[in-house]
>>> print(open('target-v3.txt').read())   # compact mmCIF, C-alpha atoms and all ligand atoms
# COMPACT_ATOMS: atom_id res chain seq x y z
CA MET U 370 30.87 -21.28 -11.01
CA LYS U 371 28.72 -23.23 -13.35
CA ASN U 372 26.34 -24.13 -10.53
CA ILE U 373 26.03 -20.53 -9.47
CA LYS U 374 25.26 -19.55 -13.04
CA LEU U 375 22.60 -22.23 -13.31
CA PHE U 376 21.16 -21.13 -10.00
CA LYS U 377 20.99 -17.53 -11.21
CA THR U 378 19.32 -18.61 -14.43
CA ALA U 379 16.82 -20.65 -12.44
CA ILE U 380 15.99 -17.66 -10.26
CA LEU U 381 15.61 -15.36 -13.26
CA THR U 382 13.46 -17.88 -15.10
CA GLY U 383 11.43 -18.38 -11.96
CA ILE U 384 10.77 -14.69 -11.62
CA ALA U 385 9.93 -14.40 -15.31
CA SER U 386 7.45 -17.24 -15.04
CA ILE U 387 5.82 -15.68 -11.97
CA VAL U 388 5.37 -12.40 -13.82
CA THR U 389 4.07 -13.90 -17.05
CA SER U 390 1.88 -16.58 -15.51
CA GLN U 391 -0.29 -14.26 -13.42
CA GLY U 392 -1.94 -12.16 -16.07
CA LEU U 393 -5.46 -12.13 -17.43
CA ALA U 394 -4.46 -12.46 -21.09
CA ALA U 395 -5.84 -15.64 -22.63
CA SER U 396 -2.69 -17.74 -22.27
CA GLU U 397 -2.04 -16.79 -18.65
CA ASN U 398 -5.38 -16.60 -16.95
CA ASN U 399 -5.68 -20.00 -15.37
CA ILE U 400 -6.20 -18.19 -12.09
CA VAL U 401 -6.51 -21.29 -9.90
CA SER U 402 -3.00 -22.43 -10.82
CA TRP U 403 -1.28 -19.22 -9.68
CA LYS U 404 1.07 -19.52 -6.71
CA ALA U 405 2.68 -17.19 -4.17
CA PRO U 406 4.06 -14.62 -4.39
CA PHE U 407 0.81 -13.39 -5.90
CA THR U 408 0.78 -10.28 -8.07
CA LEU U 409 -1.92 -7.91 -9.27
CA PRO U 410 -2.73 -9.12 -12.80
CA GLU U 411 -2.80 -6.52 -15.55
CA LEU U 412 -6.29 -5.67 -16.73
CA PRO U 413 -6.97 -6.80 -20.31
CA TYR U 414 -8.65 -3.43 -21.07
CA GLU U 415 -8.47 0.24 -20.01
CA THR U 416 -10.10 1.18 -16.69
CA GLY U 417 -12.41 3.63 -18.47
CA SER U 418 -13.46 1.28 -21.25
CA LEU U 419 -16.36 -0.39 -19.40
CA ALA U 420 -18.17 2.93 -18.94
CA PRO U 421 -20.98 3.79 -18.67
CA SER U 422 -21.84 0.34 -17.23
CA ILE U 423 -18.86 0.51 -14.84
CA ASP U 424 -17.23 3.92 -14.57
CA LYS U 425 -13.50 4.69 -14.73
CA LYS U 426 -13.13 6.01 -11.18
CA THR U 427 -14.79 2.93 -9.70
CA MET U 428 -12.52 0.67 -11.76
CA GLU U 429 -9.41 2.59 -10.72
CA ILE U 430 -10.18 2.31 -7.03
CA HIS U 431 -11.66 -1.17 -7.19
CA TYR U 432 -8.76 -2.65 -9.15
CA GLY U 433 -5.88 -0.41 -8.07
CA LYS U 434 -6.73 -0.17 -4.36
CA HIS U 435 -9.14 -2.92 -3.29
CA HIS U 436 -7.82 -5.77 -5.43
CA ALA U 437 -4.21 -4.68 -4.90
CA GLY U 438 -4.87 -4.71 -1.15
CA TYR U 439 -6.13 -8.31 -1.24
CA VAL U 440 -2.98 -9.37 -3.11
CA THR U 441 -0.63 -7.72 -0.61
CA LYS U 442 -2.51 -9.11 2.38
CA LEU U 443 -2.74 -12.57 0.83
CA ASN U 444 1.05 -12.76 0.50
CA ILE U 445 1.38 -11.69 4.13
CA ALA U 446 -1.28 -14.15 5.35
CA LEU U 447 0.51 -17.01 3.60
CA LYS U 448 3.86 -16.38 5.27
CA ASP U 449 3.28 -18.76 8.17
CA SER U 450 0.68 -20.95 6.53
CA PRO U 451 1.18 -24.62 5.61
CA LEU U 452 -0.65 -23.71 2.37
CA ALA U 453 2.06 -21.21 1.33
CA SER U 454 3.45 -23.29 -1.54
CA LYS U 455 0.08 -24.46 -2.85
CA LYS U 456 -1.78 -23.34 -5.94
CA LEU U 457 -4.58 -20.85 -5.36
CA GLU U 458 -7.12 -23.62 -6.04
CA GLU U 459 -5.76 -25.73 -3.18
CA ILE U 460 -5.55 -22.74 -0.86
CA LEU U 461 -9.23 -21.97 -1.51
CA ALA U 462 -10.31 -25.60 -1.15
CA ASN U 463 -8.50 -26.01 2.16
CA VAL U 464 -8.88 -22.67 3.87
CA SER U 465 -10.97 -22.83 7.04
CA ALA U 466 -12.91 -20.43 9.22
CA ALA U 467 -9.95 -20.47 11.61
CA GLU U 468 -7.87 -18.46 9.10
CA PRO U 469 -9.91 -15.31 8.39
CA ALA U 470 -7.07 -13.31 6.79
CA LEU U 471 -6.26 -16.11 4.38
CA ARG U 472 -9.94 -16.76 3.66
CA ASN U 473 -10.74 -13.12 2.89
CA ASN U 474 -7.64 -12.29 0.88
CA ALA U 475 -7.28 -15.52 -1.10
CA GLY U 476 -10.97 -15.17 -1.90
CA GLY U 477 -10.55 -11.48 -2.71
CA HIS U 478 -7.68 -12.15 -5.11
CA TYR U 479 -9.36 -15.06 -6.91
CA ASN U 480 -12.79 -13.42 -7.10
CA HIS U 481 -11.54 -10.14 -8.55
CA SER U 482 -9.18 -11.83 -11.01
CA LEU U 483 -12.08 -13.91 -12.32
CA PHE U 484 -14.41 -10.89 -12.38
CA TRP U 485 -12.02 -8.75 -14.48
CA SER U 486 -11.48 -11.63 -16.89
CA ILE U 487 -15.19 -12.11 -17.65
CA LEU U 488 -15.76 -8.42 -18.40
CA SER U 489 -15.17 -6.80 -21.76
CA PRO U 490 -15.70 -3.40 -23.34
CA GLU U 491 -16.49 -5.19 -26.60
CA LYS U 492 -19.96 -6.53 -27.06
CA THR U 493 -19.84 -10.33 -27.12
CA ALA U 494 -22.66 -12.81 -27.57
CA HIS U 495 -23.28 -16.15 -25.90
CA SER U 496 -22.75 -18.87 -28.49
CA GLN U 497 -25.32 -21.50 -29.40
CA LYS U 498 -23.40 -24.01 -27.33
CA MET U 499 -23.40 -21.79 -24.23
CA THR U 500 -27.06 -20.93 -24.75
CA ALA U 501 -27.94 -24.63 -25.01
CA ALA U 502 -26.08 -25.41 -21.77
CA ILE U 503 -27.87 -22.56 -20.00
CA GLU U 504 -31.26 -23.67 -21.33
CA GLU U 505 -30.64 -27.24 -20.24
CA SER U 506 -29.91 -26.18 -16.66
CA PHE U 507 -32.30 -23.26 -16.22
CA GLY U 508 -35.05 -23.84 -18.78
CA SER U 509 -34.33 -20.59 -20.65
CA PHE U 510 -31.72 -17.85 -20.87
CA GLU U 511 -34.21 -15.44 -19.29
CA ALA U 512 -34.73 -17.78 -16.34
CA PHE U 513 -30.96 -17.87 -15.80
CA GLN U 514 -30.81 -14.06 -15.96
CA THR U 515 -33.60 -13.78 -13.41
CA GLN U 516 -31.87 -16.22 -11.07
CA LEU U 517 -28.55 -14.40 -11.27
CA ASN U 518 -30.21 -11.00 -10.82
CA ASP U 519 -32.17 -12.27 -7.84
CA ALA U 520 -29.07 -13.84 -6.27
CA ALA U 521 -27.19 -10.56 -6.69
CA LYS U 522 -30.00 -8.36 -5.44
CA SER U 523 -30.91 -10.52 -2.45
CA GLN U 524 -27.38 -11.16 -1.11
CA PHE U 525 -27.46 -9.25 2.17
CA GLY U 526 -24.50 -6.90 2.61
CA SER U 527 -21.27 -7.62 0.72
CA GLY U 528 -20.76 -10.65 -1.44
CA TRP U 529 -20.77 -12.23 -4.87
CA ALA U 530 -23.20 -13.85 -7.29
CA TRP U 531 -21.92 -16.75 -9.39
CA LEU U 532 -22.61 -19.00 -12.33
CA ILE U 533 -20.92 -22.31 -11.53
CA VAL U 534 -20.44 -25.71 -13.11
CA LYS U 535 -21.33 -28.36 -10.55
CA LYS U 536 -19.65 -31.75 -10.26
CA ASP U 537 -22.35 -33.34 -12.46
CA GLY U 538 -21.63 -30.81 -15.24
CA LYS U 539 -24.87 -28.89 -14.71
CA LEU U 540 -24.87 -25.12 -14.34
CA ALA U 541 -26.18 -23.39 -11.23
CA VAL U 542 -26.48 -19.89 -9.80
CA THR U 543 -25.32 -19.30 -6.26
CA SER U 544 -24.15 -16.46 -4.03
CA THR U 545 -21.61 -16.12 -1.24
CA PRO U 546 -21.04 -13.52 1.48
CA ASN U 547 -17.91 -11.36 1.82
CA GLN U 548 -15.03 -12.79 -0.27
CA ASP U 549 -16.09 -16.43 -0.04
CA ASN U 550 -16.49 -18.36 -3.28
CA PRO U 551 -17.74 -21.76 -4.51
CA LEU U 552 -14.20 -23.20 -4.50
CA MET U 553 -14.08 -22.98 -0.67
CA GLU U 554 -15.24 -26.51 -0.03
CA LYS U 555 -15.06 -26.26 3.74
CA LEU U 556 -16.99 -23.02 3.98
CA VAL U 557 -19.80 -22.62 1.45
CA LYS U 558 -23.10 -24.43 0.94
CA GLU U 559 -22.83 -24.87 -2.83
CA THR U 560 -19.52 -25.77 -4.44
CA GLY U 561 -18.53 -25.84 -8.09
CA THR U 562 -16.27 -24.22 -10.67
CA PRO U 563 -17.11 -20.53 -11.13
CA ILE U 564 -17.36 -19.45 -14.77
CA LEU U 565 -18.98 -16.04 -14.20
CA ALA U 566 -18.74 -13.74 -11.20
CA LEU U 567 -20.55 -10.58 -10.16
CA ASP U 568 -19.10 -8.44 -7.39
CA ILE U 569 -21.91 -6.97 -5.30
CA TRP U 570 -19.83 -5.20 -2.68
CA GLU U 571 -20.79 -1.53 -2.49
CA HIS U 572 -17.22 -0.64 -3.51
CA ALA U 573 -18.04 -2.18 -6.92
CA TYR U 574 -20.83 0.29 -7.73
CA TYR U 575 -21.52 2.93 -5.08
CA LEU U 576 -19.73 5.90 -6.74
CA ASN U 577 -21.88 5.60 -9.84
CA TYR U 578 -25.05 3.88 -8.65
CA GLN U 579 -25.20 4.77 -4.93
CA ASN U 580 -27.92 2.62 -3.33
CA LYS U 581 -29.27 1.38 -6.68
CA ARG U 582 -27.69 -2.05 -6.73
CA ALA U 583 -30.34 -3.32 -9.15
CA ASP U 584 -29.25 -0.77 -11.81
CA TYR U 585 -25.64 -1.91 -11.48
CA VAL U 586 -26.73 -5.53 -11.77
CA SER U 587 -28.65 -4.79 -15.01
CA ALA U 588 -25.71 -2.85 -16.44
CA PHE U 589 -23.40 -5.81 -15.75
CA TRP U 590 -25.12 -7.74 -18.57
CA ASN U 591 -23.78 -5.16 -21.09
CA VAL U 592 -20.15 -5.90 -20.32
CA ILE U 593 -19.99 -9.69 -19.91
CA ASN U 594 -17.24 -11.33 -21.96
CA TRP U 595 -19.15 -14.40 -23.15
CA ASN U 596 -16.09 -15.76 -24.99
CA GLU U 597 -14.28 -15.97 -21.68
CA VAL U 598 -17.28 -17.48 -19.87
CA GLU U 599 -17.52 -20.16 -22.54
CA LYS U 600 -13.81 -20.92 -22.35
CA ARG U 601 -14.19 -21.47 -18.65
CA TYR U 602 -17.29 -23.60 -19.20
CA GLU U 603 -15.41 -25.78 -21.67
CA ALA U 604 -12.44 -26.17 -19.33
CA ALA U 605 -14.76 -27.12 -16.45
CA THR U 606 -16.69 -29.73 -18.46
CA LYS U 607 -13.74 -31.31 -20.30
MN MN X 1 -14.66 -5.94 -5.17
>>> encode(input="target-v3.txt", output="structure tokens")
Amino acid sequence: MKNIKLFKTAILTGIASIVTSQGLAASENNIVSWKAPFTLPELPYETGSLAPSIDKKTMEIHYGKHHAGYVTKLNIALKDSPLASKKLEEILANVSAAEPALRNNAGGHYNHSLFWSILSPEKTAHSQKMTAAIEESFGSFEAFQTQLNDAAKSQFGSGWAWLIVKKDGKLAVTSTPNQDNPLMEKLVKETGTPILALDIWEHAYYLNYQNKRADYVSAFWNVINWNEVEKRYEAATK
């Protein structure tokens, strides 16, 4: 009896920890440590609160349909995978071109979770420390902005633009096609720890901006959560 009770408690605790450890609130948003079964993390703000930079309808569909779809398909893709019990970080580092469903959906889940977490309806500023790190790697904040804008605007078709911390601690801008990301060591040219992500799939902006990707990219700068970016920078350079 006692064993059964302990077992039940373990299951309940397990479920509770799955639910509470896959959110985007500050204490739970270590996205790379999440494990299957993956869940759609709650947004830390209302879907309409990023407007006019990112409109409510786009957020509802992007988060509620696209991101939710990646989560569902990721759990399915993992069913017969040797990576099923691994943390998201290990799944991304080890996924290969031979596993397209796992590649696209693990990437889709990680990329969107990071993207939501570095957005905020409240105006935030980059701290002196963050500014200094950016200046050291890019020369100036404006040069960094130009590089990120160019990466976003020149990525052909669907993909992402990133600010990453490289192994030597320096910052770099890079871009990836589809749902790839800089944690996919076997698949991308430039690897590192992403601390800022910009989704440049048409589903991220087409309702509001149509073909004007550049306008969406400029509006993105209004809703960056610099506190979150800095937290991720500090964690990556510790
Ligand atoms: Mn997207």
>>> atom_distance(input="target-v3.txt", atom1="CA of Glu491 in chain U", atom2="CA of Leu567 in chain U")
17.8 Å
>>> residues_near_ligand(input="target-v3.txt", ligand="ligand MN 1 (chain X)", cutoff="12 Å", atoms="all atoms listed in the file", output="PyMOL selection string")
chain U and resi 427-439+473-474+476-485+527-530+546-549+566-575
>>> axis_aligned_box(input="target-v3.txt", around="range 509-517 of chain U", padding_each_side="6 Å", output="lines of an AutoDock Vina configuration file")
center_x = -31.6
center_y = -17.2
center_z = -16.0
size_x = 18.2
size_y = 18.8
size_z = 21.8
>>> closest_residue(input="target-v3.txt", among="U:Asp424, U:Ser489, U:Ser465, U:Asn596", to="Val557 in chain U", atoms="all atoms listed in the file")
U:Ser465
>>> closest_residue(input="target-v3.txt", among="U:Ile487, U:Lys492, U:Ala467, U:Lys426", to="Pro413 in chain U", atoms="all atoms listed in the file")
U:Ile487
>>> closest_residue(input="target-v3.txt", among="U:Ser486, U:Val542, U:Lys536, U:Ile564", to="Phe513 in chain U", atoms="all atoms listed in the file")
U:Val542
>>> closest_residue(input="target-v3.txt", among="U:Met499, U:Gln514, U:Asp537, U:Pro551", to="Glu603 in chain U", atoms="only C-alpha atoms")
U:Met499
>>> residues_around(input="target-v3.txt", residues="Ala446 in chain U", least_positions_apart="5", cutoff="10 Å", atoms="only C-alpha atoms", output="list in words")
Val440, Thr441, Ala453, Glu468, Pro469, Ala470, Leu471, Arg472, Asn473, Asn474 and Ala475 of chain U
>>> atom_distance(input="target-v3.txt", atom1="CA of Phe589 in chain U", atom2="CA of Leu576 in chain U")
15.2 Å
>>> closest_residue(input="target-v3.txt", among="U:Thr606, U:Ser544, U:Ser402, U:Ser422", to="Ala588 in chain U", atoms="only C-alpha atoms")
U:Ser422
>>> atom_distance(input="target-v3.txt", atom1="CA of Asn594 in chain U", atom2="CA of Ala494 in chain U")
7.9 Å
>>> residues_around(input="target-v3.txt", residues="Lys558 in chain U", least_positions_apart="4", cutoff="10 Å", atoms="only C-alpha atoms", output="compact mmCIF listing (two decimals) with C-alpha atoms, in the frame of the given file")
# COMPACT_ATOMS: atom_id res chain seq x y z
CA THR U 543 -25.32 -19.30 -6.26
CA SER U 544 -24.15 -16.46 -4.03
CA THR U 545 -21.61 -16.12 -1.24
CA ASN U 550 -16.49 -18.36 -3.28
CA PRO U 551 -17.74 -21.76 -4.51
CA MET U 553 -14.08 -22.98 -0.67
CA GLU U 554 -15.24 -26.51 -0.03
>>> closest_residue(input="target-v3.txt", among="U:Ala395, U:Ala462, U:Ile400, U:Ile533", to="Tyr602 in chain U", atoms="only C-alpha atoms")
U:Ile533
>>> residues_around(input="target-v3.txt", residues="Lys539 in chain U", least_positions_apart="4", cutoff="7 Å", atoms="all atoms listed in the file", output="PDB file with C-alpha atoms, in the frame of the given file")
ATOM      1  CA  SER U 506     -29.910 -26.180 -16.660  1.00  0.00           C
ATOM      2  CA  VAL U 534     -20.440 -25.710 -13.110  1.00  0.00           C
ATOM      3  CA  LYS U 535     -21.330 -28.360 -10.550  1.00  0.00           C
TER       4      LYS U 535
END
